[in-house]
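Engineer: What follows is the file structure_19.tsv, containing TSV, N, CA and C atoms:
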chain	number	residue	atom	x	y	z
A	171	MET	N	90.52	77.44	92.12
A	171	MET	CA	89.27	77.99	91.66
A	171	MET	C	89.50	78.60	90.28
A	172	LYS	N	88.63	78.34	89.37
A	172	LYS	CA	88.74	78.84	88.00
A	172	LYS	C	87.71	79.94	87.79
A	173	LEU	N	88.15	81.03	87.21
A	173	LEU	CA	87.27	82.15	86.90
A	173	LEU	C	86.49	81.83	85.64
A	174	GLN	N	85.18	81.86	85.71
A	174	GLN	CA	84.34	81.56	84.56
A	174	GLN	C	83.69	82.83	84.06
A	175	LEU	N	84.08	83.26	82.86
A	175	LEU	CA	83.57	84.50	82.28
A	175	LEU	C	82.59	84.28	81.14
A	176	GLY	N	82.29	83.04	80.83
A	176	GLY	CA	81.38	82.77	79.71
A	176	GLY	C	82.06	83.11	78.40
A	177	LYS	N	81.42	83.90	77.56
A	177	LYS	CA	81.97	84.27	76.25
A	177	LYS	C	82.83	85.54	76.30
A	178	VAL	N	82.98	86.16	77.46
A	178	VAL	CA	83.76	87.38	77.60
A	178	VAL	C	85.24	87.02	77.67
A	179	THR	N	86.06	87.71	76.88
A	179	THR	CA	87.50	87.52	76.92
A	179	THR	C	88.13	88.81	77.43
A	180	PRO	N	88.74	88.78	78.61
A	180	PRO	CA	89.34	90.00	79.15
A	180	PRO	C	90.60	90.39	78.37
A	181	ALA	N	90.88	91.68	78.31
A	181	ALA	CA	92.07	92.18	77.64
A	181	ALA	C	93.30	91.88	78.49
A	182	VAL	N	94.43	91.74	77.85
A	182	VAL	CA	95.69	91.49	78.55
A	182	VAL	C	95.99	92.69	79.46
A	183	GLY	N	96.32	92.43	80.71
A	183	GLY	CA	96.63	93.50	81.65
A	183	GLY	C	95.42	94.11	82.31
A	184	MET	N	94.24	93.60	82.03
A	184	MET	CA	93.01	94.15	82.60
A	184	MET	C	92.98	93.90	84.10
A	185	PHE	N	92.55	94.89	84.86
A	185	PHE	CA	92.43	94.77	86.30
A	185	PHE	C	90.98	94.51	86.68
A	186	GLY	N	90.79	93.90	87.81
A	186	GLY	CA	89.45	93.64	88.30
A	186	GLY	C	89.44	93.60	89.80
A	187	LYS	N	88.26	93.55	90.35
A	187	LYS	CA	88.10	93.48	91.79
A	187	LYS	C	87.13	92.34	92.06
A	188	ALA	N	87.45	91.53	93.05
A	188	ALA	CA	86.60	90.40	93.39
A	188	ALA	C	86.44	90.29	94.90
A	189	GLU	N	85.36	89.71	95.30
A	189	GLU	CA	85.12	89.43	96.70
A	189	GLU	C	84.68	87.99	96.80
A	190	ILE	N	85.32	87.26	97.68
A	190	ILE	CA	84.98	85.86	97.85
A	190	ILE	C	84.20	85.72	99.15
A	191	ALA	N	82.98	85.26	99.02
A	191	ALA	CA	82.12	85.07	100.19
A	191	ALA	C	82.08	83.59	100.53
A	192	THR	N	82.13	83.29	101.80
A	192	THR	CA	82.04	81.91	102.24
A	192	THR	C	80.83	81.75	103.14
A	193	ASN	N	80.47	80.54	103.39
A	193	ASN	CA	79.38	80.27	104.32
A	193	ASN	C	79.87	80.19	105.76
A	194	HIS	N	81.18	80.36	105.94
A	194	HIS	CA	81.77	80.30	107.27
A	194	HIS	C	81.59	81.63	107.98
A	195	GLU	N	80.99	81.61	109.15
A	195	GLU	CA	80.77	82.83	109.92
A	195	GLU	C	81.73	82.84	111.10
A	196	ASP	N	82.56	83.88	111.16
A	196	ASP	CA	83.51	84.01	112.25
A	196	ASP	C	82.87	84.75	113.41
A	197	ASN	N	83.15	84.30	114.60
A	197	ASN	CA	82.71	85.01	115.80
A	197	ASN	C	83.82	85.97	116.18
A	198	ALA	N	83.66	87.21	115.79
A	198	ALA	CA	84.70	88.20	116.04
A	198	ALA	C	84.07	89.52	116.44
A	199	ILE	N	84.82	90.28	117.21
A	199	ILE	CA	84.41	91.62	117.61
A	199	ILE	C	85.22	92.60	116.78
A	200	ALA	N	84.56	93.60	116.21
A	200	ALA	CA	85.25	94.63	115.42
A	200	ALA	C	85.57	95.81	116.32
A	201	ILE	N	86.84	96.25	116.27
A	201	ILE	CA	87.29	97.42	117.03
A	201	ILE	C	88.01	98.36	116.08
A	202	PRO	N	88.12	99.63	116.40
A	202	PRO	CA	88.86	100.57	115.54
A	202	PRO	C	90.35	100.23	115.48
A	203	TYR	N	90.93	100.44	114.32
A	203	TYR	CA	92.36	100.18	114.13
A	203	TYR	C	93.21	100.99	115.11
A	204	GLY	N	92.80	102.21	115.41
A	204	GLY	CA	93.54	103.10	116.30
A	204	GLY	C	93.61	102.64	117.74
A	205	SER	N	92.85	101.64	118.10
A	205	SER	CA	92.89	101.15	119.48
A	205	SER	C	94.02	100.15	119.73
A	206	LEU	N	94.68	99.67	118.66
A	206	LEU	CA	95.77	98.70	118.80
A	206	LEU	C	97.06	99.34	119.28
A	207	VAL	N	97.79	98.61	120.08
A	207	VAL	CA	99.17	98.97	120.43
A	207	VAL	C	100.03	97.72	120.27
A	208	GLU	N	101.28	97.92	119.89
A	208	GLU	CA	102.25	96.83	119.75
A	208	GLU	C	101.73	95.67	118.92
A	209	ALA	N	101.18	95.95	117.75
A	209	ALA	CA	100.68	94.88	116.87
A	209	ALA	C	101.86	94.21	116.15
A	210	ASP	N	101.80	92.88	116.08
A	210	ASP	CA	102.82	92.10	115.40
A	210	ASP	C	102.17	90.84	114.86
A	211	GLY	N	101.96	90.78	113.55
A	211	GLY	CA	101.28	89.64	112.96
A	211	GLY	C	99.84	89.58	113.42
A	212	ASP	N	99.46	88.44	114.01
A	212	ASP	CA	98.08	88.31	114.49
A	212	ASP	C	97.96	88.59	115.99
A	213	ARG	N	99.00	89.13	116.58
A	213	ARG	CA	99.00	89.46	118.01
A	213	ARG	C	99.09	90.97	118.20
A	214	ALA	N	98.41	91.47	119.21
A	214	ALA	CA	98.46	92.90	119.54
A	214	ALA	C	97.97	93.07	120.98
A	215	PHE	N	97.94	94.32	121.40
A	215	PHE	CA	97.43	94.67	122.71
A	215	PHE	C	96.43	95.81	122.55
A	216	VAL	N	95.49	95.89	123.47
A	216	VAL	CA	94.58	97.03	123.61
A	216	VAL	C	94.55	97.40	125.08
A	217	PHE	N	94.14	98.61	125.35
A	217	PHE	CA	93.96	99.04	126.73
A	217	PHE	C	92.48	98.95	127.09
A	218	THR	N	92.21	98.39	128.25
A	218	THR	CA	90.86	98.37	128.79
A	218	THR	C	90.87	99.26	130.04
A	219	THR	N	89.69	99.63	130.48
A	219	THR	CA	89.60	100.52	131.63
A	219	THR	C	89.53	99.74	132.93
A	220	ILE	N	90.11	100.34	133.96
A	220	ILE	CA	89.98	99.84	135.33
A	220	ILE	C	89.35	100.98	136.11
A	221	GLY	N	88.15	100.77	136.56
A	221	GLY	CA	87.44	101.86	137.23
A	221	GLY	C	87.14	102.98	136.24
A	222	THR	N	87.25	104.21	136.72
A	222	THR	CA	86.92	105.35	135.85
A	222	THR	C	88.13	106.13	135.38
A	223	ASN	N	89.34	105.78	135.87
A	223	ASN	CA	90.48	106.61	135.47
A	223	ASN	C	91.80	105.87	135.26
A	224	LYS	N	91.80	104.55	135.25
A	224	LYS	CA	93.04	103.78	135.03
A	224	LYS	C	92.86	102.83	133.85
A	225	VAL	N	93.98	102.35	133.32
A	225	VAL	CA	93.94	101.44	132.19
A	225	VAL	C	94.81	100.21	132.46
A	226	LYS	N	94.52	99.15	131.72
A	226	LYS	CA	95.30	97.92	131.79
A	226	LYS	C	95.49	97.42	130.36
A	227	LYS	N	96.71	97.03	130.01
A	227	LYS	CA	97.01	96.52	128.67
A	227	LYS	C	96.74	95.02	128.64
A	228	ILE	N	95.92	94.59	127.65
A	228	ILE	CA	95.59	93.18	127.53
A	228	ILE	C	95.94	92.67	126.13
A	229	PRO	N	96.38	91.41	126.04
A	229	PRO	CA	96.71	90.84	124.73
A	229	PRO	C	95.46	90.38	123.99
A	230	ILE	N	95.48	90.51	122.66
A	230	ILE	CA	94.39	90.03	121.81
A	230	ILE	C	94.98	89.26	120.63
A	231	THR	N	94.15	88.46	120.00
A	231	THR	CA	94.51	87.76	118.77
A	231	THR	C	93.66	88.35	117.65
A	232	ILE	N	94.32	88.78	116.57
A	232	ILE	CA	93.64	89.42	115.45
A	232	ILE	C	93.21	88.37	114.43
A	233	LEU	N	91.96	88.47	113.99
A	233	LEU	CA	91.46	87.59	112.95
A	233	LEU	C	91.76	88.19	111.58
A	234	LYS	N	91.40	89.48	111.39
A	234	LYS	CA	91.64	90.15	110.11
A	234	LYS	C	91.48	91.66	110.27
A	235	PHE	N	91.94	92.37	109.24
A	235	PHE	CA	91.79	93.83	109.14
A	235	PHE	C	90.83	94.12	107.98
A	236	ASP	N	90.01	95.16	108.12
A	236	ASP	CA	89.09	95.52	107.04
A	236	ASP	C	88.63	96.96	107.19
A	237	ASN	N	89.03	97.84	106.26
A	237	ASN	CA	88.56	99.23	106.22
A	237	ASN	C	88.64	99.96	107.55
A	238	GLY	N	89.81	99.97	108.15
A	238	GLY	CA	90.01	100.70	109.39
A	238	GLY	C	89.51	99.98	110.62
A	239	LYS	N	88.99	98.77	110.45
A	239	LYS	CA	88.52	97.98	111.58
A	239	LYS	C	89.44	96.78	111.76
A	240	VAL	N	89.50	96.32	112.97
A	240	VAL	CA	90.25	95.12	113.31
A	240	VAL	C	89.26	94.13	113.90
A	241	TYR	N	89.23	92.93	113.35
A	241	TYR	CA	88.36	91.89	113.86
A	241	TYR	C	89.17	91.03	114.83
A	242	VAL	N	88.72	90.99	116.06
A	242	VAL	CA	89.44	90.32	117.14
A	242	VAL	C	88.89	88.92	117.31
A	243	LYS	N	89.78	87.94	117.22
A	243	LYS	CA	89.40	86.54	117.36
A	243	LYS	C	89.33	86.13	118.82
A	244	ASP	N	90.26	86.66	119.63
A	244	ASP	CA	90.34	86.21	121.01
A	244	ASP	C	90.96	87.30	121.89
A	245	GLY	N	90.55	87.36	123.14
A	245	GLY	CA	91.17	88.26	124.10
A	245	GLY	C	90.25	89.28	124.71
A	246	LEU	N	89.05	89.45	124.15
A	246	LEU	CA	88.14	90.46	124.67
A	246	LEU	C	86.95	89.88	125.44
A	247	ALA	N	86.99	88.59	125.75
A	247	ALA	CA	85.91	87.97	126.52
A	247	ALA	C	85.80	88.64	127.89
A	248	GLY	N	84.62	89.10	128.22
A	248	GLY	CA	84.40	89.74	129.51
A	248	GLY	C	84.81	91.20	129.57
A	249	ILE	N	85.37	91.72	128.48
A	249	ILE	CA	85.79	93.13	128.43
A	249	ILE	C	84.67	93.94	127.78
A	250	ASP	N	84.19	94.97	128.47
A	250	ASP	CA	83.11	95.78	127.89
A	250	ASP	C	83.57	97.15	127.43
A	251	LYS	N	84.78	97.57	127.79
A	251	LYS	CA	85.29	98.87	127.35
A	251	LYS	C	86.76	98.75	126.97
A	252	ILE	N	87.11	99.41	125.85
A	252	ILE	CA	88.52	99.54	125.47
A	252	ILE	C	88.77	100.99	125.11
A	253	VAL	N	90.02	101.39	125.17
A	253	VAL	CA	90.42	102.74	124.77
A	253	VAL	C	90.52	102.75	123.25
A	254	ILE	N	89.84	103.70	122.60
A	254	ILE	CA	89.81	103.70	121.14
A	254	ILE	C	90.59	104.86	120.51
A	255	SER	N	91.14	105.75	121.32
A	255	SER	CA	91.95	106.83	120.74
A	255	SER	C	93.14	107.13	121.66
A	256	ASN	N	94.22	107.56	121.04
A	256	ASN	CA	95.45	107.91	121.75
A	256	ASN	C	96.06	106.76	122.55
A	257	SER	N	95.77	105.54	122.16
A	257	SER	CA	96.30	104.37	122.86
A	257	SER	C	97.82	104.32	122.86
A	258	ALA	N	98.43	104.79	121.77
A	258	ALA	CA	99.88	104.74	121.64
A	258	ALA	C	100.59	105.57	122.71
A	259	TYR	N	99.89	106.50	123.32
A	259	TYR	CA	100.50	107.38	124.32
A	259	TYR	C	100.29	106.90	125.75
A	260	LEU	N	99.64	105.77	125.93
A	260	LEU	CA	99.31	105.28	127.27
A	260	LEU	C	100.30	104.23	127.76
A	261	ASN	N	100.36	104.09	129.07
A	261	ASN	CA	101.00	102.94	129.71
A	261	ASN	C	100.13	102.60	130.92
A	262	GLU	N	100.47	101.57	131.64
A	262	GLU	CA	99.60	101.12	132.74
A	262	GLU	C	99.61	102.04	133.95
A	263	GLN	N	100.45	103.07	133.94
A	263	GLN	CA	100.44	104.07	135.01
A	263	GLN	C	99.65	105.32	134.60
A	264	SER	N	99.13	105.34	133.38
A	264	SER	CA	98.41	106.51	132.87
A	264	SER	C	97.05	106.67	133.55
A	265	SER	N	96.66	107.92	133.71
A	265	SER	CA	95.32	108.26	134.17
A	265	SER	C	94.52	108.72	132.96
A	266	ILE	N	93.26	108.33	132.90
A	266	ILE	CA	92.41	108.71	131.78
A	266	ILE	C	91.11	109.35	132.26
A	267	LYS	N	90.41	109.93	131.31
A	267	LYS	CA	89.07	110.45	131.57
A	267	LYS	C	88.16	109.85	130.51
A	268	ILE	N	87.12	109.17	130.93
A	268	ILE	CA	86.19	108.52	130.01
A	268	ILE	C	85.20	109.57	129.50
A	269	ILE	N	85.13	109.68	128.18
A	269	ILE	CA	84.20	110.60	127.52
A	269	ILE	C	83.19	109.75	126.75
A	270	GLN	N	81.91	109.97	127.03
A	270	GLN	CA	80.88	109.16	126.35
A	270	GLN	C	80.09	109.97	125.40
Write out the structure in this file as structure tokens.
Structural biologist:
Amino acid sequence: MKLQLGKVTPAVGMFGKAEIATNHEDNAIAIPYGSLVEADGDRAFVFTTIGTNKVKKIPITILKFDNGKVYVKDGLAGIDKIVISNSAYLNEQSSIKIIQ
């Protein structure tokens, strides 16, 4: 892709910011960055709730990161609740209290 500036000549060392928009729409769910555990590349885990006081760790596939949000490509189908804070301190034997 070539940058077309018309008659404008940028100075050497000049910085800029660009955003590339595409017509491709991704089907992704956005979740808070703090809800991730054990992230590695495009793979991570989140905790979902079991009943009202237990958790289960489930794998997800990450599409992208953006401003404190994580866009999840796969892994949250059928999941309606995830733990969004203090996830790093949980394991599957942890008891939780849901605050709404």
Engineer: Neighbours of Ile254 of chain A within 8 Å (only C-alpha atoms; same-chain residues fewer than 2 positions away dropped), as a list of chain:residue names?
Structural biologist: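 Answer for this query is A:Ile201, A:Pro202, A:Gly204, A:Ser205, A:Ile252, A:Asn256, A:Ser257.
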Engineer: Rounded to one decimal place, report the atom C of Lys226 of chain A-atom CA of Asn261 of chain A distance in Å.
Structural biologist: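 Computed distance, atom C of Lys226 of chain A to atom CA of Asn261 of chain A, equals 7.8 Å.
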Engineer: Return the single residue from A:Asn223, A:Asp250, A:Ala181, A:Leu173 that is closest to Gln263 of chain A, with distances computed using only C-alpha atoms.
Structural biologist: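 Comparing A:Asn223, A:Asp250, A:Ala181, A:Leu173 against Gln263 of chain A, the winner is A:Asn223.
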Engineer: Got a sec to tell me which of chain A DSSP assigns to strand (DSSP E or B), as a VMD selection string?
Structural biologist: chain A and resid 199 to 202 207 to 210 213 to 220 224 to 236 239 to 244 252 265
Engineer: Point out the residue among A:Ile232, A:Lys243, A:Lys224, A:Val207 with the least atom-to-atom distance to Tyr259 of chain A, counting only C-alpha atoms.
Structural biologist: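 Of A:Ile232, A:Lys243, A:Lys224, A:Val207, the one nearest Tyr259 of chain A, counting only C-alpha atoms, is A:Val207.
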Engineer: Pick out the closest residue to Val240 of chain A from this set: A:Met184, A:Ala200, A:Ile190, A:Leu175. Count all atoms listed in the file.
Structural biologist: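 So, comparing all the options, the nearest one is A:Ala200.
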